[in-house]
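Shown next: protein_24.pdb, given as PDB, C-alpha atoms and all ligand atoms.
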```pdb
ATOM      1  CA  MET A   1      -7.053  37.309  -2.128
ATOM      2  CA  SER A   2      -6.545  36.485   1.565
ATOM      3  CA  ASP A   3      -5.868  39.220   4.128
ATOM      4  CA  GLN A   4      -2.396  37.815   4.597
ATOM      5  CA  ALA A   5      -1.631  37.885   0.882
ATOM      6  CA  GLN A   6      -2.923  41.462   0.724
ATOM      7  CA  SER A   7      -0.757  42.617   3.593
ATOM      8  CA  LEU A   8       2.272  40.953   2.008
ATOM      9  CA  ARG A   9       1.604  42.666  -1.288
ATOM     10  CA  LYS A  10       1.437  45.995   0.537
ATOM     11  CA  LEU A  11       4.612  45.231   2.387
ATOM     12  CA  VAL A  12       6.686  44.509  -0.675
ATOM     13  CA  SER A  13       5.055  46.724  -3.273
ATOM     14  CA  SER A  14       7.541  49.066  -4.892
ATOM     15  CA  HIS A  15       6.646  52.729  -5.209
ATOM     16  CA  ASP A  16       6.878  52.692  -9.000
ATOM     17  CA  GLU A  17       4.355  49.936  -9.580
ATOM     18  CA  PRO A  18       0.787  51.175 -10.031
ATOM     19  CA  ALA A  19      -1.528  49.513  -7.511
ATOM     20  CA  SER A  20      -3.933  48.474 -10.256
ATOM     21  CA  GLN A  21      -1.327  46.626 -12.309
ATOM     22  CA  PRO A  22      -2.053  42.908 -12.234
ATOM     23  CA  LEU A  23       0.796  40.898 -10.845
ATOM     24  CA  VAL A  24       1.530  37.994 -13.125
ATOM     25  CA  ARG A  25       4.599  36.561 -11.522
ATOM     26  CA  GLN A  26       6.617  33.460 -11.663
ATOM     27  CA  SER A  27       8.275  32.185  -8.554
ATOM     28  CA  ALA A  28      11.042  34.359  -7.161
ATOM     29  CA  ARG A  29      14.627  33.694  -8.092
ATOM     30  CA  ILE A  30      16.375  32.172  -5.085
ATOM     31  CA  ILE A  31      19.909  33.397  -4.543
ATOM     32  CA  THR A  32      22.364  32.535  -1.817
ATOM     33  CA  VAL A  33      25.354  34.717  -1.065
ATOM     34  CA  SER A  34      28.166  32.783   0.502
ATOM     35  CA  SER A  35      31.902  32.623   0.953
ATOM     36  CA  GLY A  36      34.493  30.002   1.754
ATOM     37  CA  LYS A  37      36.298  32.179   4.268
ATOM     38  CA  GLY A  38      34.676  34.344   6.927
ATOM     39  CA  GLY A  39      35.022  38.109   7.196
ATOM     40  CA  VAL A  40      35.368  38.757   3.461
ATOM     41  CA  GLY A  41      32.482  41.261   3.316
ATOM     42  CA  LYS A  42      29.665  38.847   2.464
ATOM     43  CA  SER A  43      27.004  40.425   4.714
ATOM     44  CA  ASN A  44      27.868  43.965   3.669
ATOM     45  CA  PHE A  45      27.699  42.922   0.041
ATOM     46  CA  THR A  46      24.383  41.061   0.478
ATOM     47  CA  LEU A  47      22.625  43.874   2.296
ATOM     48  CA  ASN A  48      23.750  46.612  -0.077
ATOM     49  CA  PHE A  49      23.109  44.447  -3.135
ATOM     50  CA  ALA A  50      19.540  43.850  -1.906
ATOM     51  CA  LEU A  51      19.067  47.582  -1.334
ATOM     52  CA  ALA A  52      20.440  48.378  -4.787
ATOM     53  CA  LEU A  53      18.099  45.846  -6.432
ATOM     54  CA  LYS A  54      15.183  47.343  -4.501
ATOM     55  CA  SER A  55      16.074  50.852  -5.586
ATOM     56  CA  LEU A  56      16.011  49.550  -9.172
ATOM     57  CA  GLY A  57      12.370  48.555  -8.680
ATOM     58  CA  GLN A  58      12.881  44.882  -7.862
ATOM     59  CA  LYS A  59      10.939  43.171  -5.097
ATOM     60  CA  VAL A  60      13.466  41.670  -2.787
ATOM     61  CA  LEU A  61      13.248  39.720   0.446
ATOM     62  CA  LEU A  62      16.451  39.332   2.393
ATOM     63  CA  PHE A  63      16.720  36.291   4.630
ATOM     64  CA  ASP A  64      19.499  36.230   7.187
ATOM     65  CA  ALA A  65      20.458  32.572   7.101
ATOM     66  CA  ASP A  66      23.831  32.937   8.794
ATOM     67  CA  ILE A  67      23.227  30.557  11.677
ATOM     68  CA  GLY A  68      26.028  31.480  14.026
ATOM     69  CA  MET A  69      26.533  35.132  13.107
ATOM     70  CA  ALA A  70      23.261  36.615  11.877
ATOM     71  CA  ASN A  71      24.002  40.329  11.724
ATOM     72  CA  ILE A  72      22.028  41.904   8.878
ATOM     73  CA  ASP A  73      19.862  43.671  11.482
ATOM     74  CA  VAL A  74      22.969  45.033  13.213
ATOM     75  CA  LEU A  75      24.307  46.419   9.924
ATOM     76  CA  MET A  76      21.021  48.312   9.521
ATOM     77  CA  GLY A  77      20.861  49.400  13.155
ATOM     78  CA  VAL A  78      17.414  47.892  13.620
ATOM     79  CA  ARG A  79      16.111  45.625  16.343
ATOM     80  CA  PRO A  80      13.714  43.132  14.849
ATOM     81  CA  LYS A  81      10.708  42.354  17.026
ATOM     82  CA  TYR A  82      10.273  38.912  15.567
ATOM     83  CA  SER A  83      12.496  36.384  13.873
ATOM     84  CA  LEU A  84      12.201  33.007  12.298
ATOM     85  CA  TYR A  85      11.916  31.632  15.821
ATOM     86  CA  HIS A  86       8.414  33.095  16.229
ATOM     87  CA  LEU A  87       7.263  31.566  12.954
ATOM     88  CA  LEU A  88       8.652  28.172  13.835
ATOM     89  CA  LYS A  89       7.026  28.274  17.257
ATOM     90  CA  GLY A  90       3.716  29.064  15.563
ATOM     91  CA  GLU A  91       3.492  32.396  17.393
ATOM     92  CA  ARG A  92       3.536  34.595  14.273
ATOM     93  CA  ASP A  93       2.834  34.035  10.602
ATOM     94  CA  ILE A  94       5.224  34.845   7.793
ATOM     95  CA  SER A  95       3.910  38.342   7.063
ATOM     96  CA  GLU A  96       4.452  39.278  10.717
ATOM     97  CA  ILE A  97       8.059  38.121  10.907
ATOM     98  CA  ILE A  98       9.066  40.110   7.832
ATOM     99  CA  GLU A  99      10.616  43.244   9.264
ATOM    100  CA  LEU A 100      11.242  46.435   7.351
ATOM    101  CA  GLY A 101      14.850  47.575   7.497
ATOM    102  CA  THR A 102      16.670  50.507   5.909
ATOM    103  CA  HIS A 103      14.628  52.086   3.103
ATOM    104  CA  SER A 104      11.834  49.629   3.976
ATOM    105  CA  LEU A 105      13.819  46.623   2.796
ATOM    106  CA  PRO A 106      11.826  43.527   3.828
ATOM    107  CA  PHE A 107      13.969  41.062   5.710
ATOM    108  CA  ILE A 108      13.681  38.051   7.965
ATOM    109  CA  ALA A 109      16.057  38.044  10.895
ATOM    110  CA  GLY A 110      17.688  34.691  11.521
ATOM    111  CA  GLY A 111      18.753  34.657  15.127
ATOM    112  CA  SER A 112      18.054  31.700  17.354
ATOM    113  CA  GLY A 113      15.287  30.357  15.106
ATOM    114  CA  MET A 114      17.809  29.334  12.493
ATOM    115  CA  ALA A 115      19.147  26.465  14.575
ATOM    116  CA  ASP A 116      15.582  25.230  15.239
ATOM    117  CA  LEU A 117      14.960  25.108  11.514
ATOM    118  CA  PHE A 118      17.036  21.978  11.225
ATOM    119  CA  SER A 119      15.263  19.948  13.869
ATOM    120  CA  LEU A 120      11.620  20.492  12.933
ATOM    121  CA  SER A 121       9.000  17.795  12.818
ATOM    122  CA  GLU A 122       7.508  16.784   9.487
ATOM    123  CA  SER A 123       4.323  18.808  10.038
ATOM    124  CA  ASP A 124       6.250  21.905  11.180
ATOM    125  CA  LEU A 125       8.462  21.646   8.100
ATOM    126  CA  ASN A 126       5.364  21.480   5.912
ATOM    127  CA  TYR A 127       3.969  24.568   7.623
ATOM    128  CA  PHE A 128       7.251  26.437   7.098
ATOM    129  CA  THR A 129       7.289  25.393   3.435
ATOM    130  CA  THR A 130       3.760  26.646   2.808
ATOM    131  CA  GLN A 131       4.508  29.949   4.487
ATOM    132  CA  ILE A 132       7.692  30.528   2.487
ATOM    133  CA  GLU A 133       6.001  29.550  -0.789
ATOM    134  CA  GLN A 134       3.255  32.056  -0.103
ATOM    135  CA  ILE A 135       5.608  35.034   0.106
ATOM    136  CA  SER A 136       7.669  33.937  -2.838
ATOM    137  CA  GLU A 137       4.802  34.767  -5.181
ATOM    138  CA  GLU A 138       5.170  38.408  -4.216
ATOM    139  CA  MET A 139       8.907  38.638  -4.815
ATOM    140  CA  ASP A 140      11.345  38.878  -7.687
ATOM    141  CA  TYR A 141      14.263  37.753  -5.555
ATOM    142  CA  ILE A 142      14.716  36.001  -2.253
ATOM    143  CA  ILE A 143      18.297  36.427  -1.125
ATOM    144  CA  PHE A 144      19.755  34.236   1.606
ATOM    145  CA  ASP A 145      22.830  35.533   3.399
ATOM    146  CA  THR A 146      24.360  32.228   4.488
ATOM    147  CA  GLY A 147      27.186  31.524   6.874
ATOM    148  CA  ALA A 148      30.730  31.272   5.535
ATOM    149  CA  GLY A 149      32.346  27.898   5.050
ATOM    150  CA  LEU A 150      31.143  24.380   4.574
ATOM    151  CA  SER A 151      28.802  23.725   7.475
ATOM    152  CA  LYS A 152      25.975  21.276   6.816
ATOM    153  CA  GLU A 153      23.373  24.005   7.301
ATOM    154  CA  THR A 154      25.029  26.421   4.891
ATOM    155  CA  LEU A 155      25.387  23.715   2.256
ATOM    156  CA  LYS A 156      21.681  22.900   2.529
ATOM    157  CA  PHE A 157      20.751  26.437   1.596
ATOM    158  CA  ILE A 158      23.282  26.749  -1.198
ATOM    159  CA  THR A 159      22.512  23.430  -2.841
ATOM    160  CA  ALA A 160      18.766  24.133  -2.791
ATOM    161  CA  ALA A 161      19.005  27.568  -4.449
ATOM    162  CA  ASP A 162      19.089  28.556  -8.118
ATOM    163  CA  GLU A 163      22.327  30.449  -7.875
ATOM    164  CA  CYS A 164      25.142  31.091  -5.450
ATOM    165  CA  LEU A 165      27.054  34.352  -5.495
ATOM    166  CA  VAL A 166      30.456  33.558  -4.046
ATOM    167  CA  VAL A 167      32.231  36.436  -2.336
ATOM    168  CA  THR A 168      35.997  36.398  -2.109
ATOM    169  CA  THR A 169      38.792  38.887  -1.588
ATOM    170  CA  PRO A 170      42.094  38.790  -3.515
ATOM    171  CA  GLU A 171      43.842  37.097  -0.570
ATOM    172  CA  PRO A 172      45.121  33.625  -1.508
ATOM    173  CA  THR A 173      43.392  31.995   1.502
ATOM    174  CA  SER A 174      40.077  33.535   0.515
ATOM    175  CA  ILE A 175      40.488  32.429  -3.109
ATOM    176  CA  THR A 176      41.388  28.878  -2.059
ATOM    177  CA  ASP A 177      38.392  28.679   0.279
ATOM    178  CA  ALA A 178      36.049  30.109  -2.378
ATOM    179  CA  TYR A 179      37.136  27.364  -4.762
ATOM    180  CA  ALA A 180      36.728  24.724  -2.021
ATOM    181  CA  LEU A 181      33.145  25.893  -1.471
ATOM    182  CA  ILE A 182      32.368  25.756  -5.193
ATOM    183  CA  LYS A 183      33.887  22.291  -5.477
ATOM    184  CA  VAL A 184      31.916  20.861  -2.541
ATOM    185  CA  VAL A 185      28.607  22.419  -3.641
ATOM    186  CA  HIS A 186      29.093  21.299  -7.229
ATOM    187  CA  GLY A 187      29.857  17.771  -5.970
ATOM    188  CA  LEU A 188      26.546  17.743  -4.096
ATOM    189  CA  GLU A 189      24.304  19.496  -6.606
ATOM    190  CA  GLU A 190      25.339  20.156 -10.187
ATOM    191  CA  ASP A 191      22.348  22.407 -10.960
ATOM    192  CA  VAL A 192      23.539  25.318  -8.809
ATOM    193  CA  SER A 193      25.192  28.022 -10.873
ATOM    194  CA  PHE A 194      27.877  30.284  -9.465
ATOM    195  CA  ARG A 195      29.032  33.811 -10.041
ATOM    196  CA  LEU A 196      31.850  35.599  -8.312
ATOM    197  CA  ILE A 197      31.993  38.837  -6.396
ATOM    198  CA  VAL A 198      35.515  39.978  -5.671
ATOM    199  CA  ASN A 199      35.590  42.325  -2.699
ATOM    200  CA  ARG A 200      38.227  44.754  -1.461
ATOM    201  CA  VAL A 201      39.999  45.189  -4.793
ATOM    202  CA  ILE A 202      42.126  48.086  -5.978
ATOM    203  CA  ASP A 203      40.522  48.078  -9.402
ATOM    204  CA  GLN A 204      38.653  46.040 -11.970
ATOM    205  CA  SER A 205      41.780  44.350 -13.298
ATOM    206  CA  GLU A 206      42.569  42.916  -9.866
ATOM    207  CA  ALA A 207      39.034  41.493  -9.720
ATOM    208  CA  ARG A 208      39.487  40.012 -13.185
ATOM    209  CA  GLN A 209      42.768  38.343 -12.153
ATOM    210  CA  VAL A 210      41.102  36.734  -9.125
ATOM    211  CA  ALA A 211      38.162  35.553 -11.214
ATOM    212  CA  ASP A 212      40.496  34.131 -13.862
ATOM    213  CA  LYS A 213      42.373  32.108 -11.244
ATOM    214  CA  ILE A 214      39.191  30.544  -9.877
ATOM    215  CA  SER A 215      37.628  30.050 -13.273
ATOM    216  CA  LEU A 216      40.712  28.334 -14.658
ATOM    217  CA  VAL A 217      40.773  25.723 -11.912
ATOM    218  CA  ALA A 218      36.986  25.251 -11.942
ATOM    219  CA  ASN A 219      37.109  24.785 -15.689
ATOM    220  CA  LYS A 220      39.917  22.295 -15.559
ATOM    221  CA  PHE A 221      38.797  20.162 -12.616
ATOM    222  CA  LEU A 222      35.038  20.639 -12.415
ATOM    223  CA  ASP A 223      34.300  21.477 -16.030
ATOM    224  CA  ILE A 224      32.236  24.532 -15.077
ATOM    225  CA  ASN A 225      32.526  28.248 -15.741
ATOM    226  CA  ILE A 226      32.533  30.671 -12.854
ATOM    227  CA  PRO A 227      31.836  34.112 -14.366
ATOM    228  CA  LEU A 228      32.715  37.324 -12.593
ATOM    229  CA  LEU A 229      29.520  39.187 -11.681
ATOM    230  CA  GLY A 230      31.285  42.185 -10.233
ATOM    231  CA  TYR A 231      33.570  43.617  -7.614
ATOM    232  CA  MET A 232      33.661  46.056  -4.721
ATOM    233  CA  SER A 233      36.546  48.419  -4.171
ATOM    234  CA  ASP A 234      38.468  48.371  -0.950
ATOM    235  CA  ASP A 235      36.885  51.427   0.596
ATOM    236  CA  ALA A 236      37.220  52.841   4.116
ATOM    237  CA  HIS A 237      33.616  54.071   3.915
ATOM    238  CA  VAL A 238      32.449  50.474   4.374
ATOM    239  CA  MET A 239      33.930  50.246   7.857
ATOM    240  CA  GLN A 240      32.701  53.745   8.729
ATOM    241  CA  ALA A 241      29.187  52.764   7.687
ATOM    242  CA  VAL A 242      29.372  49.541   9.728
ATOM    243  CA  LYS A 243      30.252  51.638  12.772
ATOM    244  CA  LYS A 244      27.312  53.975  12.090
ATOM    245  CA  GLN A 245      25.044  50.941  11.576
ATOM    246  CA  VAL A 246      23.850  52.315   8.272
ATOM    247  CA  PRO A 247      24.393  50.343   5.022
ATOM    248  CA  PHE A 248      27.320  51.947   3.178
ATOM    249  CA  SER A 249      25.337  52.559  -0.016
ATOM    250  CA  ILE A 250      22.897  54.681   2.011
ATOM    251  CA  ALA A 251      25.374  56.337   4.391
ATOM    252  CA  PHE A 252      27.833  57.256   1.615
ATOM    253  CA  PRO A 253      25.929  56.942  -1.685
ATOM    254  CA  GLY A 254      28.738  58.326  -3.829
ATOM    255  CA  CYS A 255      31.575  56.297  -2.323
ATOM    256  CA  PRO A 256      33.467  53.842  -4.559
ATOM    257  CA  ALA A 257      31.954  50.733  -2.921
ATOM    258  CA  ALA A 258      28.432  52.157  -3.339
ATOM    259  CA  GLN A 259      29.044  52.890  -7.016
ATOM    260  CA  ASP A 260      30.358  49.364  -7.465
ATOM    261  CA  ILE A 261      27.345  47.780  -5.795
ATOM    262  CA  TYR A 262      24.962  49.641  -8.111
ATOM    263  CA  SER A 263      26.957  48.448 -11.109
ATOM    264  CA  VAL A 264      26.653  44.879  -9.825
ATOM    265  CA  ALA A 265      22.890  45.235  -9.294
ATOM    266  CA  MET A 266      22.378  46.802 -12.724
ATOM    267  CA  LYS A 267      24.403  44.054 -14.354
ATOM    268  CA  TYR A 268      22.439  41.470 -12.399
ATOM    269  CA  ILE A 269      19.071  42.573 -13.689
ATOM    270  CA  ASP A 270      20.123  43.817 -17.141
ATOM    271  CA  VAL A 271      22.158  40.939 -18.400
ATOM    272  CA  PRO A 272      20.028  38.131 -19.796
ATOM    273  CA  ARG A 273      19.371  35.724 -16.965
ATOM    274  CA  PHE A 274      22.153  33.308 -16.321
ATOM    275  CA  GLN A 275      19.617  30.525 -16.666
ATOM    276  CA  PRO A 276      16.448  30.985 -18.692
ATOM    277  CA  ARG A 277      13.676  31.893 -16.250
ATOM    278  CA  GLU A 278      11.644  28.783 -17.100
ATOM    279  CA  THR A 279      14.452  26.486 -16.030
ATOM    280  CA  LEU A 280      14.755  27.996 -12.567
ATOM    281  CA  SER A 281      13.487  25.788  -9.825
ATOM    282  CA  GLY A 282      12.091  28.735  -7.850
ATOM    283  CA  ILE A 283      10.872  28.449  -4.289
ATOM    284  CA  LYS A 284       9.096  25.126  -4.831
ATOM    285  CA  GLY A 285      12.280  23.536  -6.175
ATOM    286  CA  PHE A 286      14.284  25.219  -3.437
ATOM    287  CA  MET A 287      12.043  23.873  -0.677
ATOM    288  CA  HIS A 288      11.940  20.429  -2.254
ATOM    289  CA  LYS A 289      15.715  20.152  -2.338
ATOM    290  CA  TRP A 290      16.160  21.803   1.038
ATOM    291  CA  LEU A 291      13.698  19.438   2.710
ATOM    292  CA  LYS A 292      15.348  16.439   1.076
ATOM    293  CA  ARG A 293      18.633  17.393   2.724
ATOM    294  CA  THR A 294      17.017  18.367   6.031
ATOM    295  CA  LYS A 295      15.178  15.112   6.646
TER
HETATM  296  N1  LIG A 301      34.863  46.768   0.352
HETATM  297  C1  LIG A 301      35.349  46.894   1.598
HETATM  298  N2  LIG A 301      36.270  47.853   1.868
HETATM  299  C2  LIG A 301      36.781  47.981   3.107
HETATM  300  N3  LIG A 301      36.416  47.218   4.153
HETATM  301  C3  LIG A 301      35.518  46.259   3.951
HETATM  302  C4  LIG A 301      34.929  46.037   2.668
HETATM  303  N4  LIG A 301      34.065  45.008   2.766
HETATM  304  C5  LIG A 301      34.106  44.609   4.055
HETATM  305  N5  LIG A 301      34.972  45.342   4.759
HETATM  306  C6  LIG A 301      35.307  45.182   6.205
HETATM  307  O1  LIG A 301      35.168  43.819   6.551
HETATM  308  C7  LIG A 301      34.318  43.697   7.686
HETATM  309  C8  LIG A 301      33.568  42.390   7.609
HETATM  310  O2  LIG A 301      32.537  42.499   6.648
HETATM  311  P1  LIG A 301      31.255  41.540   6.708
HETATM  312  O3  LIG A 301      30.713  41.462   8.088
HETATM  313  O4  LIG A 301      30.357  41.964   5.621
HETATM  314  O5  LIG A 301      31.957  40.159   6.364
HETATM  315  P2  LIG A 301      31.330  38.692   6.338
HETATM  316  O6  LIG A 301      32.035  37.981   5.264
HETATM  317  O7  LIG A 301      29.853  38.755   6.269
HETATM  318  O8  LIG A 301      31.738  38.175   7.772
HETATM  319  P3  LIG A 301      31.215  36.838   8.520
HETATM  320  O9  LIG A 301      31.998  35.728   7.939
HETATM  321  O10 LIG A 301      31.582  37.110   9.944
HETATM  322  O11 LIG A 301      29.747  36.731   8.295
HETATM  323  C9  LIG A 301      33.452  44.944   7.676
HETATM  324  O12 LIG A 301      33.010  45.274   8.953
HETATM  325  C10 LIG A 301      34.375  45.995   7.088
HETATM  326  O13 LIG A 301      35.143  46.555   8.138
END
```
Re-express the file's structure as structure tokens.
Ligand SMILES: Nc1ncnc2c1ncn2[C@@H]1O[C@H](COP(=O)(O)OP(=O)(O)OP(=O)(O)O)[C@@H](O)[C@H]1O
Amino acid sequence: MSDQAQSLRKLVSSHDEPASQPLVRQSARIITVSSGKGGVGKSNFTLNFALALKSLGQKVLLFDADIGMANIDVLMGVRPKYSLYHLLKGERDISEIIELGTHSLPFIAGGSGMADLFSLSESDLNYFTTQIEQISEEMDYIIFDTGAGLSKETLKFITAADECLVVTTPEPTSITDAYALIKVVHGLEEDVSFRLIVNRVIDQSEARQVADKISLVANKFLDINIPLLGYMSDDAHVMQAVKKQVPFSIAFPGCPAAQDIYSVAMKYIDVPRFQPRETLSGIKGFMHKWLKRTK
């Protein structure tokens, strides 16, 4: 095993996995978290969802792919030394740009490098692909926090991934925009599956009502099901945690939103996979599709 592969393994290894256990892994599951409308709680959900999965023993890499508004580092109160920019400029390799955030969550800060990602030469793109494929072998999940809306860059990430978790609130504008996102992505790439996260709800039945509305229309016009993965309560602790720059599930572990996020993470890993594992395209499929749309 190369030095780089060894350092990556060390970086992502979870405390409950014995060092001697052989790692027979398939490619990581590639998830994007997105929303039609901005400001619906997508980044807070993504970060705390990744932390919850990690605390459940999963190996997770969080990739801040929100081009204009990368702020995962701000939510954790950390200042990353390196970002994607340094990888793309050939100044650092992939293991060096993976920063450790709250509770040692591995993440790649987006920042200015994200824009460069879309104007790389063929050979630089190949280098980026090889680097990303290398880390994927060490992960269970790679989660991309994408920008909100229908920008070309966001759509490239979503259409290349295995699954998109769509975050919406119960507001009609947010619901309409969530459906618009699903419709556009589905029109571009039918293989992407969707699940819904309804944020800022009073209770489960409100989340169910929102999910039913979206599912009904998606069923009728797109002939697809959009299951509800889970919800997060409207909870003042979220804003307090944002101000403290500590993820809410760590700052206030017993708060309603934190309890909800753990339920979502447990459901995510417990429920039989939405697609059988063998049919997932994994990082190779992701990079193939992503490159196709980037060239
Ligand atoms: N469950 C919640 N309860 C109460 N407030 C919330 C909740 N979720 C999010 N918020 C509030 O919404 C704000 C925006 O959240 P966040 O930055 O996660 O949204 P976003 O969708 O990622 O935004 P952007 O589109 O700018 O990337 C938070 O700072 C917080 O104040």
Surrounding residues of A:Ala241 excluding itself and chain neighbours under 6 positions, 8 Å, all atoms listed in the file, as a CSV table (one decimal) with C-alpha atoms, keeping the file's coordinate frame:
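Below is the file selection25.csv, written as the result:
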```csv
chain,number,residue,atom,x,y,z
A,247,PRO,CA,24.4,50.3,5.0
A,248,PHE,CA,27.3,51.9,3.2
A,251,ALA,CA,25.4,56.3,4.4
A,252,PHE,CA,27.8,57.3,1.6
```
Using only C-alpha atoms, can you tell me which of A:Ile214, A:Met76, A:Val60, A:Val238 comes closest to A:Tyr179?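 Nearest candidate to A:Tyr179 out of A:Ile214, A:Met76, A:Val60, A:Val238: A:Ile214.
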Interatomic distance (Å, one decimal) between atom CA of A:Ala148 and atom CA of A:Glu91: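 Calculated distance between atom CA of A:Ala148 and atom CA of A:Glu91 is 29.7 Å.
In terms of minimum interatomic distance to ligand LIG 301 (chain A), A:Gly39 ranks closest within A:Pro106, A:Gly39, A:Gly90, A:Pro80, counting all atoms listed in the file.
Interatomic distance, atom CA of A:Glu133 to atom O8 of ligand LIG 301 (chain A): 28.5 Å.
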Tell me which protein, DNA and RNA residues are within 8 Å of stretch 262-270 of chain A, counting only C-alpha atoms, leaving out same-chain ones fewer than 5 positions away, and put them as a PyMOL selection string. chain A and resi 49+52-53+56+229-231
Around ligand LIG 301 (chain A), out to 9 Å and counting all atoms listed in the file, which residues are there? I want them as a count of residues only. 47
Just checking: using all atoms listed in the file, which residue out of A:Ile108, A:Ile132, A:Leu100, A:Ile226 ends up closest to A:Tyr85? A:Ile108
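Closest to A:Thr154 among A:Val184, A:Val217, A:Ile135, A:Leu196 is A:Val184, based on only C-alpha atoms.
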Rank nothing, just name the residue among A:Leu181, A:Val192, A:Leu222, A:Leu87 nearest to A:Ala109, using all atoms listed in the file.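 For A:Ala109, the nearest of the candidates is A:Leu87.
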Surrounding residues of A:Val185 excluding itself and chain neighbours under 5 positions, 12 Å, all atoms listed in the file, as a list in words: Ser34, Ser35, Gly36, Gly149, Leu150, Ser151, Lys152, Thr154, Leu155, Lys156, Phe157, Ile158, Thr159, Ala160, Ala161, Glu163, Cys164, Val166, Ala178, Tyr179, Ala180, Glu190, Asp191, Val192, Ser193, Phe194 and Leu222 of chain A
Using the file's own x, y and z axes, what box holds all listed atoms of stretch 81-92 of chain A with 3 Å on each side, keeping edges along x, y and z, and what are its centre and edge lengths in Å to one decimal, as lines of an AutoDock Vina configuration file?
```
center_x = 8.0
center_y = 35.3
center_z = 14.8
size_x = 15.0
size_y = 20.2
size_z = 11.1
```
Length of the atom CA of A:Leu61 to atom CA of A:Lys292 vector [Å]: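 Pair atom CA of A:Leu61 / atom CA of A:Lys292 returns 23.4 Å.
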Point out the residue among A:Ala207, A:Ile142, A:Leu62, A:Ile250 with the least atom-to-atom distance to A:His103, counting all atoms listed in the file. A:Ile250
